[in-house]
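Below is coords26.txt, which holds compact mmCIF, C-alpha atoms and all ligand atoms.
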```txt
# COMPACT_ATOMS: atom_id res chain seq x y z
CA MET N 1 -112.95 21.28 207.85
CA ALA N 2 -113.91 18.01 206.19
CA ASP N 3 -116.69 17.16 208.63
CA LYS N 4 -118.36 20.54 208.44
CA HIS N 5 -118.77 20.25 204.66
CA ASP N 6 -119.50 16.56 204.22
CA HIS N 7 -123.14 17.20 203.33
CA MET N 8 -122.28 19.44 200.38
CA ARG N 9 -122.47 18.39 196.78
CA SER N 10 -119.21 18.13 194.90
CA ASP N 11 -119.49 21.40 192.89
CA THR N 12 -120.03 23.33 196.12
CA ALA N 13 -117.53 21.49 198.27
CA VAL N 14 -114.71 21.96 195.77
CA ILE N 15 -115.07 25.71 196.27
CA ALA N 16 -116.17 25.88 199.90
CA ARG N 17 -114.11 23.33 201.73
CA GLY N 18 -110.44 22.98 202.58
CA TYR N 19 -109.45 26.62 202.79
CA ASP N 20 -109.70 28.79 205.89
CA PRO N 21 -109.14 32.52 205.13
CA ALA N 22 -108.30 33.12 208.80
CA LEU N 23 -105.06 31.22 208.24
CA SER N 24 -104.09 33.58 205.36
CA VAL N 25 -104.70 37.05 206.91
CA GLY N 26 -108.29 36.98 205.60
CA SER N 27 -107.27 36.59 201.96
CA ALA N 28 -110.29 35.38 199.96
CA ARG N 29 -108.08 33.17 197.83
CA PRO N 30 -105.25 31.12 199.33
CA ALA N 31 -101.83 32.72 199.59
CA VAL N 32 -98.79 30.90 198.20
CA PHE N 33 -96.55 29.67 201.02
CA ARG N 34 -93.16 29.21 199.41
CA SER N 35 -91.23 28.65 202.62
CA SER N 36 -89.16 25.46 202.67
CA THR N 37 -89.32 25.22 206.48
CA TYR N 38 -91.73 26.11 209.30
CA VAL N 39 -91.18 27.68 212.71
CA PHE N 40 -92.39 25.48 215.56
CA SER N 41 -94.76 26.82 218.20
CA SER N 42 -92.77 24.97 220.92
CA PRO N 43 -90.11 22.24 221.20
CA GLU N 44 -92.90 19.88 222.32
CA ALA N 45 -94.89 20.69 219.19
CA ALA N 46 -91.78 19.99 217.07
CA GLU N 47 -91.33 16.62 218.79
CA ARG N 48 -95.00 15.77 218.22
CA ALA N 49 -94.83 16.79 214.54
CA PHE N 50 -91.81 14.53 214.01
CA ASP N 51 -93.51 11.64 215.81
CA ILE N 52 -96.43 11.96 213.41
CA ILE N 53 -94.24 12.22 210.28
CA GLY N 54 -92.17 9.29 211.48
CA GLY N 55 -95.30 7.17 211.95
CA ARG N 56 -94.67 6.78 215.72
CA ALA N 57 -97.91 8.63 216.55
CA GLN N 58 -101.17 9.25 214.75
CA ALA N 59 -102.90 12.61 214.86
CA PRO N 60 -106.55 12.32 215.91
CA ALA N 61 -108.98 13.97 213.46
CA GLY N 62 -109.04 17.71 214.04
CA GLU N 63 -105.62 18.00 215.69
CA ARG N 64 -103.64 20.74 214.01
CA THR N 65 -100.01 19.65 214.11
CA ASP N 66 -97.18 22.04 213.29
CA LEU N 67 -95.83 21.97 209.76
CA VAL N 68 -92.20 20.86 209.50
CA TYR N 69 -90.52 21.02 206.12
CA SER N 70 -91.98 21.37 202.63
CA ARG N 71 -90.74 18.06 201.27
CA PHE N 72 -93.15 16.37 203.71
CA ASN N 73 -96.01 18.81 203.57
CA HIS N 74 -96.85 22.46 203.05
CA PRO N 75 -100.03 24.58 203.28
CA ASN N 76 -100.69 24.74 199.53
CA ALA N 77 -100.50 20.95 199.20
CA GLU N 78 -102.86 20.58 202.18
CA ILE N 79 -105.35 23.06 200.72
CA LEU N 80 -105.22 21.40 197.30
CA GLU N 81 -105.62 17.92 198.77
CA ASP N 82 -108.64 18.97 200.84
CA GLN N 83 -110.24 20.70 197.85
CA ILE N 84 -109.65 17.89 195.36
CA VAL N 85 -111.24 15.14 197.51
CA PRO N 86 -114.88 16.17 196.77
CA LEU N 87 -114.21 15.98 193.02
CA GLU N 88 -113.57 12.23 193.22
CA LYS N 89 -116.66 10.28 194.24
CA GLY N 90 -115.90 7.96 197.13
CA ALA N 91 -112.54 9.57 198.01
CA HIS N 92 -111.60 10.46 201.58
CA ALA N 93 -107.96 11.45 201.14
CA ALA N 94 -105.56 12.65 198.45
CA ALA N 95 -101.83 13.10 197.88
CA VAL N 96 -100.46 15.47 195.24
CA PHE N 97 -97.29 14.91 193.21
CA ASN N 98 -95.11 16.80 190.79
CA SER N 99 -96.27 14.69 187.80
CA GLY N 100 -98.66 11.90 186.94
CA MET N 101 -95.73 9.50 186.67
CA ALA N 102 -94.61 10.49 190.18
CA ALA N 103 -98.09 9.65 191.53
CA ILE N 104 -98.20 6.31 189.69
CA MET N 105 -94.73 5.14 190.63
CA THR N 106 -95.02 6.26 194.25
CA ALA N 107 -98.35 4.48 194.70
CA ILE N 108 -96.99 1.28 193.14
CA VAL N 109 -93.80 1.11 195.19
CA THR N 110 -95.67 2.01 198.38
CA PHE N 111 -97.67 -1.21 198.17
CA ALA N 112 -95.53 -3.65 196.17
CA LYS N 113 -92.22 -5.15 197.25
CA PRO N 114 -89.73 -7.42 195.48
CA GLY N 115 -91.29 -10.87 194.95
CA ASP N 116 -94.79 -9.46 194.52
CA ARG N 117 -96.66 -9.60 191.25
CA ILE N 118 -98.79 -7.01 189.50
CA VAL N 119 -101.60 -7.74 187.06
CA TYR N 120 -102.11 -4.87 184.63
CA THR N 121 -104.11 -4.03 181.54
CA VAL N 122 -102.41 -3.24 178.23
CA PRO N 123 -102.02 -0.85 176.62
CA LEU N 124 -100.94 1.33 179.54
CA TYR N 125 -99.67 4.89 179.31
CA GLY N 126 -96.17 4.59 177.74
CA GLY N 127 -94.39 5.91 180.83
CA THR N 128 -96.18 3.44 183.10
CA GLN N 129 -95.39 0.55 180.75
CA HIS N 130 -91.69 1.55 180.74
CA PHE N 131 -91.71 1.89 184.50
CA ILE N 132 -92.92 -1.71 184.81
CA HIS N 133 -90.39 -3.13 182.32
CA GLU N 134 -87.37 -0.97 183.07
CA PHE N 135 -87.67 -0.45 186.81
CA LEU N 136 -90.10 -2.84 188.53
CA GLU N 137 -89.04 -6.04 186.74
CA PRO N 138 -85.27 -5.65 187.40
CA PHE N 139 -86.30 -4.70 190.96
CA GLY N 140 -88.07 -8.07 191.37
CA ILE N 141 -91.70 -6.98 190.98
CA THR N 142 -93.00 -8.83 187.96
CA GLY N 143 -96.04 -8.08 185.89
CA THR N 144 -98.76 -10.07 184.13
CA ALA N 145 -100.28 -8.17 181.22
CA VAL N 146 -103.92 -8.64 180.17
CA ARG N 147 -105.40 -7.01 177.13
CA ALA N 148 -107.80 -4.14 177.95
CA GLY N 149 -111.48 -5.05 177.83
CA GLU N 150 -111.05 -8.82 178.30
CA THR N 151 -113.21 -9.25 181.38
CA PRO N 152 -112.91 -13.06 181.96
CA ARG N 153 -109.16 -13.05 181.23
CA LEU N 154 -108.53 -10.27 183.73
CA GLU N 155 -110.57 -12.10 186.39
CA ASP N 156 -108.61 -15.29 185.63
CA ALA N 157 -105.25 -13.52 185.84
CA ILE N 158 -106.19 -12.01 189.22
CA ARG N 159 -107.28 -15.43 190.52
CA SER N 160 -104.38 -17.45 189.15
CA THR N 161 -101.34 -15.16 189.53
CA PRO N 162 -99.42 -16.22 192.66
CA ASP N 163 -98.49 -13.46 195.14
CA VAL N 164 -100.57 -10.91 193.26
CA ARG N 165 -100.30 -7.73 195.30
CA MET N 166 -101.81 -5.24 192.94
CA VAL N 167 -104.08 -4.83 189.93
CA LEU N 168 -103.42 -1.79 187.76
CA ILE N 169 -106.13 -0.78 185.32
CA GLU N 170 -106.17 2.01 182.77
CA SER N 171 -109.61 2.54 181.26
CA PRO N 172 -110.41 3.62 178.62
CA ALA N 173 -107.17 2.54 176.93
CA ASN N 174 -105.07 4.97 174.94
CA PRO N 175 -105.59 5.58 172.00
CA THR N 176 -108.41 3.19 170.99
CA LEU N 177 -110.58 3.78 174.09
CA VAL N 178 -111.16 0.09 174.82
CA MET N 179 -112.85 -0.16 178.22
CA THR N 180 -111.99 -2.51 181.07
CA ASP N 181 -114.63 -3.58 183.60
CA ILE N 182 -113.42 -2.10 186.90
CA ARG N 183 -116.16 -3.68 189.05
CA SER N 184 -115.47 -7.23 187.88
CA ALA N 185 -111.73 -6.81 188.57
CA CYS N 186 -112.51 -5.48 192.07
CA ARG N 187 -114.82 -8.43 192.73
CA ALA N 188 -112.16 -10.92 191.60
CA ALA N 189 -109.61 -9.18 193.85
CA ALA N 190 -111.98 -9.14 196.83
CA ALA N 191 -112.56 -12.90 196.54
CA LEU N 192 -108.88 -13.70 197.23
CA MET N 193 -107.58 -14.63 200.69
CA VAL N 194 -105.02 -11.84 200.55
CA ARG N 195 -106.82 -9.12 198.67
CA PRO N 196 -104.66 -7.29 196.12
CA LEU N 197 -105.17 -3.53 195.90
CA VAL N 198 -106.88 -2.26 192.75
CA LEU N 199 -105.37 0.92 191.29
CA VAL N 200 -107.03 2.76 188.40
CA ASP N 201 -105.44 5.42 186.21
CA ASN N 202 -108.52 7.58 185.69
CA THR N 203 -106.86 10.35 183.66
CA PHE N 204 -109.01 9.95 180.51
CA LEU N 205 -112.53 10.13 182.00
CA GLY N 206 -112.14 11.25 185.57
CA PRO N 207 -113.04 12.85 187.80
CA SER N 208 -116.23 13.89 185.98
CA PHE N 209 -117.33 10.81 184.05
CA GLN N 210 -115.89 7.68 185.73
CA HIS N 211 -115.71 6.87 189.45
CA PRO N 212 -113.48 3.85 190.16
CA LEU N 213 -113.61 4.15 193.97
CA GLU N 214 -117.38 3.66 193.79
CA CYS N 215 -116.74 0.55 191.68
CA GLY N 216 -114.59 -0.87 194.50
CA ALA N 217 -111.09 0.34 193.52
CA ASP N 218 -108.65 1.29 196.30
CA VAL N 219 -106.56 3.99 194.63
CA VAL N 220 -107.38 6.39 191.80
CA LEU N 221 -104.44 7.94 189.98
CA TYR N 222 -104.26 11.04 187.80
CA SER N 223 -101.98 12.89 185.56
CA ALA N 224 -103.21 16.31 186.73
CA THR N 225 -101.28 17.65 183.74
CA LYS N 226 -104.37 16.74 181.68
CA TYR N 227 -108.00 17.59 182.55
CA LEU N 228 -107.43 18.65 186.16
CA GLY N 229 -104.86 21.29 185.15
CA GLY N 230 -106.75 21.85 181.91
CA PHE N 231 -104.58 24.51 180.26
CA SER N 232 -101.44 22.60 179.21
CA ASP N 233 -99.36 24.81 181.48
CA LEU N 234 -98.40 22.67 184.47
CA LEU N 235 -97.30 19.14 185.39
CA GLY N 236 -98.92 17.40 188.32
CA GLY N 237 -100.25 14.11 189.63
CA VAL N 238 -102.74 12.94 192.25
CA ALA N 239 -103.47 9.72 194.14
CA LEU N 240 -106.86 9.47 195.89
CA THR N 241 -108.11 6.72 198.20
CA ARG N 242 -111.23 5.71 200.09
CA ASP N 243 -109.15 4.59 203.07
CA PRO N 244 -107.10 7.52 204.50
CA GLU N 245 -104.54 5.02 205.83
CA LEU N 246 -103.52 4.17 202.25
CA THR N 247 -102.94 7.86 201.52
CA ARG N 248 -100.95 8.20 204.73
CA ARG N 249 -98.63 5.42 203.55
CA ILE N 250 -98.30 6.95 200.07
CA LYS N 251 -97.42 10.33 201.61
CA SER N 252 -94.79 8.74 203.80
CA ARG N 253 -93.04 7.44 200.63
CA ARG N 254 -93.56 10.82 198.95
CA GLY N 255 -91.63 12.43 201.80
CA LEU N 256 -88.73 10.07 201.11
CA PHE N 257 -88.77 10.51 197.33
CA GLY N 258 -89.23 14.27 197.47
CA ASN N 259 -91.83 14.35 194.70
CA ILE N 260 -94.55 16.45 196.35
CA LEU N 261 -96.12 19.11 194.11
CA GLN N 262 -94.47 22.50 194.72
CA PRO N 263 -96.43 25.38 196.32
CA ASP N 264 -96.82 27.52 193.18
CA GLU N 265 -98.06 24.55 191.14
CA CYS N 266 -100.45 23.58 193.94
CA TRP N 267 -101.88 27.08 193.90
CA ILE N 268 -102.35 27.04 190.12
CA LEU N 269 -103.93 23.59 190.13
CA ASP N 270 -106.16 24.59 193.04
CA SER N 271 -107.53 27.51 191.01
CA ARG N 272 -108.47 25.09 188.19
CA LEU N 273 -110.52 22.66 190.29
CA PRO N 274 -113.86 24.54 190.34
CA THR N 275 -113.97 24.44 186.52
CA VAL N 276 -112.99 20.81 185.93
CA HIS N 277 -116.60 19.64 185.48
CA LEU N 278 -117.46 22.67 183.30
CA ARG N 279 -114.47 22.11 181.03
CA MET N 280 -114.87 18.34 180.81
CA ASN N 281 -118.60 18.55 180.11
CA ARG N 282 -118.09 21.09 177.35
CA ALA N 283 -115.20 19.15 175.79
CA SER N 284 -117.19 15.89 175.92
CA LYS N 285 -120.23 17.49 174.27
CA ASN N 286 -117.98 18.96 171.58
CA ALA N 287 -116.29 15.63 170.99
CA GLN N 288 -119.57 13.71 170.79
CA ARG N 289 -120.99 16.10 168.20
CA ILE N 290 -117.80 16.01 166.14
CA ALA N 291 -117.39 12.23 166.35
CA GLU N 292 -120.99 11.59 165.35
CA LYS N 293 -120.62 13.95 162.35
CA LEU N 294 -117.32 12.42 161.21
CA ALA N 295 -118.54 8.80 161.56
CA GLY N 296 -118.79 7.25 158.10
CA HIS N 297 -116.53 9.86 156.45
CA GLY N 298 -115.04 8.45 153.23
CA ALA N 299 -111.41 9.03 154.30
CA LEU N 300 -111.81 6.96 157.47
CA LYS N 301 -111.31 3.26 157.94
CA ARG N 302 -112.54 3.51 161.50
CA ILE N 303 -113.45 6.01 164.19
CA TYR N 304 -112.99 5.29 167.88
CA TYR N 305 -115.32 7.08 170.27
CA PRO N 306 -117.28 5.69 173.25
CA SER N 307 -120.76 6.70 171.99
CA LEU N 308 -120.03 4.94 168.67
CA ILE N 309 -119.01 1.57 170.11
CA GLU N 310 -120.83 -1.42 168.59
CA ASP N 311 -119.36 -4.38 170.49
CA ALA N 312 -121.98 -5.56 173.00
CA GLU N 313 -119.55 -6.26 175.87
CA GLN N 314 -117.86 -2.87 175.39
CA CYS N 315 -121.28 -1.16 175.40
CA ARG N 316 -122.14 -2.97 178.63
CA ILE N 317 -118.94 -1.79 180.35
CA ARG N 318 -119.39 1.76 179.07
CA ASP N 319 -122.98 1.97 180.30
CA ALA N 320 -122.05 0.45 183.67
CA GLN N 321 -119.15 2.74 184.52
CA CYS N 322 -119.05 5.89 182.36
CA ASP N 323 -121.43 8.84 182.72
CA TYR N 324 -120.40 10.56 179.45
CA PRO N 325 -118.13 9.58 176.55
CA GLY N 326 -115.34 12.09 177.16
CA ALA N 327 -113.28 14.20 174.79
CA ILE N 328 -110.82 11.86 173.07
CA ILE N 329 -111.54 10.71 169.51
CA SER N 330 -109.23 8.52 167.43
CA LEU N 331 -109.46 8.38 163.62
CA ASP N 332 -107.94 5.59 161.55
CA LEU N 333 -107.32 7.01 158.07
CA LYS N 334 -107.70 4.67 155.10
CA ASP N 335 -104.50 5.73 153.38
CA GLY N 336 -102.22 5.14 156.34
CA LYS N 337 -99.30 7.30 157.42
CA PRO N 338 -99.18 9.67 154.39
CA ALA N 339 -102.86 10.50 154.93
CA ALA N 340 -102.39 10.89 158.70
CA PHE N 341 -99.41 13.23 158.23
CA GLU N 342 -101.23 15.24 155.55
CA PHE N 343 -104.22 15.56 157.91
CA LEU N 344 -101.91 16.93 160.63
CA ARG N 345 -100.20 19.36 158.22
CA ARG N 346 -103.53 20.74 157.02
CA LEU N 347 -105.02 21.50 160.45
CA ARG N 348 -105.51 25.24 160.99
CA LEU N 349 -107.21 25.41 164.37
CA ALA N 350 -106.28 22.16 166.12
CA ARG N 351 -102.57 21.86 166.96
CA ASN N 352 -100.20 18.95 166.40
CA ALA N 353 -98.97 18.11 169.91
CA VAL N 354 -98.99 15.19 172.32
CA SER N 355 -100.78 15.44 175.69
CA LEU N 356 -104.50 15.97 176.16
CA GLY N 357 -107.12 17.45 178.41
CA GLY N 358 -106.42 21.13 177.70
CA VAL N 359 -108.96 23.76 176.68
CA GLU N 360 -107.28 23.79 173.27
CA THR N 361 -107.68 20.95 170.77
CA LEU N 362 -104.55 18.84 170.24
CA VAL N 363 -103.95 16.10 167.66
CA CYS N 364 -101.09 13.59 167.43
CA HIS N 365 -99.96 10.56 165.42
CA PRO N 366 -99.41 7.96 168.18
CA LYS N 367 -97.40 5.43 166.14
CA SER N 368 -94.58 7.88 165.39
CA THR N 369 -94.74 9.75 168.73
CA THR N 370 -96.36 8.55 171.99
CA HIS N 371 -96.21 4.87 170.97
CA SER N 372 -92.95 4.97 168.95
CA SER N 373 -90.99 2.75 171.33
CA VAL N 374 -93.75 0.16 171.71
CA SER N 375 -93.01 -3.28 170.17
CA LYS N 376 -94.73 -4.42 166.98
CA GLU N 377 -96.83 -7.03 168.80
CA GLU N 378 -97.91 -4.54 171.43
CA LEU N 379 -98.81 -2.00 168.73
CA GLU N 380 -101.08 -4.58 167.16
CA ILE N 381 -102.70 -5.39 170.49
CA SER N 382 -103.14 -1.66 171.11
CA GLY N 383 -104.70 -1.04 167.67
CA VAL N 384 -102.09 1.63 166.90
CA THR N 385 -101.93 1.64 163.10
CA ASP N 386 -100.05 3.83 160.58
CA GLY N 387 -103.21 5.77 159.83
CA LEU N 388 -104.29 6.47 163.41
CA VAL N 389 -104.52 10.02 164.76
CA ARG N 390 -105.68 10.86 168.27
CA ILE N 391 -107.65 14.02 168.90
CA SER N 392 -108.04 15.64 172.33
CA VAL N 393 -111.04 17.89 171.81
CA GLY N 394 -110.95 21.22 173.67
CA ILE N 395 -113.64 23.74 174.55
CA GLU N 396 -113.63 25.79 171.34
CA ASP N 397 -116.91 26.04 169.38
CA TRP N 398 -117.41 22.52 168.03
CA ARG N 399 -118.56 23.83 164.64
CA ASP N 400 -115.21 25.52 164.03
CA LEU N 401 -113.40 22.33 164.98
CA LEU N 402 -115.61 20.22 162.71
CA THR N 403 -114.93 22.61 159.82
CA ASP N 404 -111.20 22.29 160.49
CA PHE N 405 -111.30 18.47 160.55
CA GLU N 406 -113.51 18.27 157.46
CA GLN N 407 -111.24 20.56 155.42
CA ALA N 408 -108.19 18.55 156.58
CA LEU N 409 -109.86 15.27 155.53
CA THR N 410 -111.00 16.47 152.09
CA GLY N 411 -109.64 14.25 149.34
CA LEU N 412 -107.56 12.03 151.67
C1 LIG T 501 -100.08 11.82 180.72
C2 LIG T 501 -100.48 10.57 181.37
C3 LIG T 501 -99.71 10.03 182.42
C4 LIG T 501 -98.42 10.64 182.89
O1 LIG T 501 -98.61 11.88 183.46
P1 LIG T 501 -97.47 13.02 183.57
O2 LIG T 501 -98.17 14.12 184.25
O3 LIG T 501 -97.04 13.33 182.16
O4 LIG T 501 -96.35 12.44 184.35
C5 LIG T 501 -100.17 8.86 183.02
N1 LIG T 501 -101.31 8.25 182.60
C6 LIG T 501 -102.05 8.74 181.60
C7 LIG T 501 -103.29 8.02 181.20
C8 LIG T 501 -101.66 9.91 180.94
O5 LIG T 501 -102.41 10.38 179.93
```
Translate the structure of the given file into structure tokens.
Amino acid sequence: MADKHDHMRSDTAVIARGYDPALSVGSARPAVFRSSTYVFSSPEAAERAFDIIGGRAQAPAGERTDLVYSRFNHPNAEILEDQIVPLEKGAHAAAVFNSGMAAIMTAIVTFAKPGDRIVYTVPLYGGTQHFIHEFLEPFGITGTAVRAGETPRLEDAIRSTPDVRMVLIESPANPTLVMTDIRSACRAAAALMVRPLVLVDNTFLGPSFQHPLECGADVVLYSATKYLGGFSDLLGGVALTRDPELTRRIKSRRGLFGNILQPDECWILDSRLPTVHLRMNRASKNAQRIAEKLAGHGALKRIYYPSLIEDAEQCRIRDAQCDYPGAIISLDLKDGKPAAFEFLRRLRLARNAVSLGGVETLVCHPKSTTHSSVSKEELEISGVTDGLVRISVGIEDWRDLLTDFEQALTGL
């Protein structure tokens, strides 16, 4: 299927490729295959399928091997993986997982072993940060943290960390949207004798507005729970690579861990893919209008939004790697926590919840929720203050959202 549709543009390919109605009794939309096991066409075909799963043989492109057992693979995962590839510029293969954390941890432990070192940007998503401290470090994989956005320091850390196996970047950082230069990190990695893999958590701006594989990264990671899913009604994760061999290795670990995305969830996520660009574009336009109207509001100490950045180096990174500013805005309220909490209590349209990337607008107070177990020093590095609220702008009419935020800020 892939070859036939390689010439298509992404918005067409995401609909047209990866699904063959003939394999689902002509159904125009994919069926859900909930079977846990698959009947072999012959004992020889079963042997061949196990040789391929066990890594003893490689299927040439186009060979249709028998399915085996749904922890390894199932039709809805295959359809979803084929359909998601065109959304990520530069990707040739994908693996889907039952959460973003499952994708992140499986990719990391596929390529790093005890004794290896990881260089990573901070702040990272809380779960990823905990995974490094509470699992990888006791396991013998140690990390070197570099503050997001510090281009020369990140290059230095990549060059000078012995046995560096992997570079993990999250850009823009949560919740202050500080951007890290992906290209420069990839160049520093490529200059080493043993090239570390560069992994990028692209949840905040991808797949529509930031394309790490085109910047030289090896693996792009997603919490599909966010913009890909888009409706705050499923958990999922994705790893995408330029080199299909890397995805093959990730899938082999996934088969051991048993964290493949289940058929029903694959089907739901699959139905959301054709609207990812529509939803993200609308949410980004909404957010840009709202952020530019709120900038300079008397109740705010600071507003964080990519189109309002002033720092020259941050502007350079943004212009080099981001197509549009995205739909996350953070507000730092002058009167600290009481003002932030009052703002949350007063909201009528936007809802007070963690998570992001849904069609509905969500607002949270990171210091007391998503970042509550982060140390004081790390909070300072991350810019998470008492007065900070993070807004994930949805696809409502931006004027109604602006009215809601303005009434909630009045007199604070
Ligand atoms: C939500 C999120 C994750 C974790 O994803 P889950 O689907 O909740 O496991 C990882 N990285 C980022 C940037 C996120 O926003």
Surrounding residues of Ser24 (chain N) excluding itself and chain neighbours under 5 positions, 12 Å, all atoms listed in the file, as a list of chain:residue names: N:Tyr19, N:Arg29, N:Pro30, N:Ala31, N:Val32, N:Phe33, N:Pro75, N:Asn76, N:Ile79
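Based on only C-alpha atoms and all ligand atoms, the protein and nucleic acid residues found within 7 Å of ligand LIG 501 (chain T) are, by chain and then by number, Ser99, Gly100, Met101, Ala102, Tyr125, Gly127, Thr128, Glu170, Asp201, Asn202, Thr203, Phe204, Tyr222, Ser223, Ala224, Thr225, Lys226, Leu235, Gly236, Gly237 and Ser355 of chain N.
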Please dump the current selection as a PDB file, keeping the file's coordinate frame; keep C-alpha atoms.
```
ATOM      1  CA  SER N  99     -96.270  14.690 187.800  1.00  0.00           C
ATOM      2  CA  GLY N 100     -98.660  11.900 186.940  1.00  0.00           C
ATOM      3  CA  MET N 101     -95.730   9.500 186.670  1.00  0.00           C
ATOM      4  CA  ALA N 102     -94.610  10.490 190.180  1.00  0.00           C
ATOM      5  CA  TYR N 125     -99.670   4.890 179.310  1.00  0.00           C
ATOM      6  CA  GLY N 127     -94.390   5.910 180.830  1.00  0.00           C
ATOM      7  CA  THR N 128     -96.180   3.440 183.100  1.00  0.00           C
ATOM      8  CA  GLU N 170    -106.170   2.010 182.770  1.00  0.00           C
ATOM      9  CA  ASP N 201    -105.440   5.420 186.210  1.00  0.00           C
ATOM     10  CA  ASN N 202    -108.520   7.580 185.690  1.00  0.00           C
ATOM     11  CA  THR N 203    -106.860  10.350 183.660  1.00  0.00           C
ATOM     12  CA  PHE N 204    -109.010   9.950 180.510  1.00  0.00           C
ATOM     13  CA  TYR N 222    -104.260  11.040 187.800  1.00  0.00           C
ATOM     14  CA  SER N 223    -101.980  12.890 185.560  1.00  0.00           C
ATOM     15  CA  ALA N 224    -103.210  16.310 186.730  1.00  0.00           C
ATOM     16  CA  THR N 225    -101.280  17.650 183.740  1.00  0.00           C
ATOM     17  CA  LYS N 226    -104.370  16.740 181.680  1.00  0.00           C
ATOM     18  CA  LEU N 235     -97.300  19.140 185.390  1.00  0.00           C
ATOM     19  CA  GLY N 236     -98.920  17.400 188.320  1.00  0.00           C
ATOM     20  CA  GLY N 237    -100.250  14.110 189.630  1.00  0.00           C
ATOM     21  CA  SER N 355    -100.780  15.440 175.690  1.00  0.00           C
TER      22      SER N 355
END
```
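Pairwise distance (CA of Ser372 (chain N), CA of Pro175 (chain N)) equals 13.0 Å.
When all atoms listed in the file are used to compute distances to Val68 (chain N), the closest of the residues N:Gln83, N:Ser184, N:Ser36, N:Asn98 turns out to be N:Ser36.
Of the residues under consideration (N:Leu124, N:Ala217, N:Ile309, N:Leu379), N:Leu124 shows the shortest atom-to-atom contact distance to Ser171 (chain N) when counting all atoms listed in the file.
Residues with at least one atom no more than 10 Å from (-118.1, -2.2, 193.7), using only C-alpha atoms, are Ile182, Arg183, Ser184, Ala185, Cys186, Arg187, Ala190, Pro212, Leu213, Glu214, Cys215, Gly216 and Ala217 of chain N.
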Near region 131-137 of chain N, counting all atoms listed in the file, which residues have an atom at most 10 Å away, once you skip same-chain residues fewer than 2 positions from it, shown as a list in words? Met101, Ile104, Met105, Ile108, Val109, Ala112, Lys113, Pro114, Gly115, Arg117, Ile118, Tyr120, Tyr125, Gly126, Gly127, Thr128, Gln129, Phe139, Gly140, Ile141, Thr142 and Gly143 of chain N
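For the atom pair formed by CA of Ala295 (chain N) and CA of Ala283 (chain N), the distance is 17.9 Å, given to one decimal.
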In terms of all atoms listed in the file, the residue from N:Pro43, N:Tyr38, N:Gln407, N:Ser392 at minimal distance from Asn174 (chain N) is N:Ser392
Could you make a table, as CSV, of the residues of region 251-286 of chain N that have an atom within 12 Å of an atom of region 327-330 of chain N, each with its nearest atom pair and distance in Å to one decimal, counting only C-alpha atoms, in chain and number order?
```
residue,atom,partner,partner_atom,distance
N:Arg279,CA,N:Ala327,CA,10.1
N:Met280,CA,N:Ala327,CA,7.5
N:Asn281,CA,N:Ala327,CA,8.7
N:Arg282,CA,N:Ala327,CA,8.8
N:Ala283,CA,N:Ala327,CA,5.4
N:Ser284,CA,N:Ala327,CA,4.4
N:Lys285,CA,N:Ala327,CA,7.7
N:Asn286,CA,N:Ala327,CA,7.4
```
Quick one: residues within 7 Å of Val389 (chain N), only C-alpha atoms counted, chain neighbours fewer than 4 positions away excluded, as a ChimeraX atom specification? /N:330-332,340,363-366
Got time to write the residues from that selection, C-alpha atoms, as a PDB file, in the coordinates of the input?
```
ATOM      1  CA  SER N 330    -109.230   8.520 167.430  1.00  0.00           C
ATOM      2  CA  LEU N 331    -109.460   8.380 163.620  1.00  0.00           C
ATOM      3  CA  ASP N 332    -107.940   5.590 161.550  1.00  0.00           C
ATOM      4  CA  ALA N 340    -102.390  10.890 158.700  1.00  0.00           C
ATOM      5  CA  VAL N 363    -103.950  16.100 167.660  1.00  0.00           C
ATOM      6  CA  CYS N 364    -101.090  13.590 167.430  1.00  0.00           C
ATOM      7  CA  HIS N 365     -99.960  10.560 165.420  1.00  0.00           C
ATOM      8  CA  PRO N 366     -99.410   7.960 168.180  1.00  0.00           C
TER       9      PRO N 366
END
```
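Closest approach to Arg249 (chain N) among N:Ala95, N:Pro325, N:Gly296, N:Asp335 is made by N:Ala95 (distances from only C-alpha atoms).
If only C-alpha atoms are the atoms counted, then among N:Gly54, N:Pro152, N:Gly336, N:Gly358 the closest residue to Leu256 (chain N) is N:Gly54.
The closest residue to Ala291 (chain N), picked from N:Ala22, N:Leu402, N:Val122, N:Leu356 and counting all atoms listed in the file, is N:Leu402.
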Counting only C-alpha atoms, what is within 8 Å of Thr176 (chain N), bar same-chain residues fewer than 5 positions away, as a PyMOL selection string? chain N and resi 304-305+330+382-384
Can you rebuild region 175-179 of chain N with N, CA and C atoms and give it as a CSV table (one decimal), in the frame of the given file?
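The resulting file, out.csv, is reproduced below:
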```csv
chain,number,residue,atom,x,y,z
N,175,PRO,N,-104.7,4.6,172.5
N,175,PRO,CA,-105.6,5.6,172.0
N,175,PRO,C,-106.9,5.0,171.5
N,176,THR,N,-107.2,3.7,171.7
N,176,THR,CA,-108.4,3.2,171.0
N,176,THR,C,-109.6,3.1,171.9
N,177,LEU,N,-109.5,3.6,173.2
N,177,LEU,CA,-110.6,3.8,174.1
N,177,LEU,C,-111.3,2.5,174.4
N,178,VAL,N,-110.6,1.4,174.4
N,178,VAL,CA,-111.2,0.1,174.8
N,178,VAL,C,-111.4,0.2,176.3
N,179,MET,N,-112.5,-0.3,176.8
N,179,MET,CA,-112.8,-0.2,178.2
N,179,MET,C,-112.7,-1.5,179.0
```
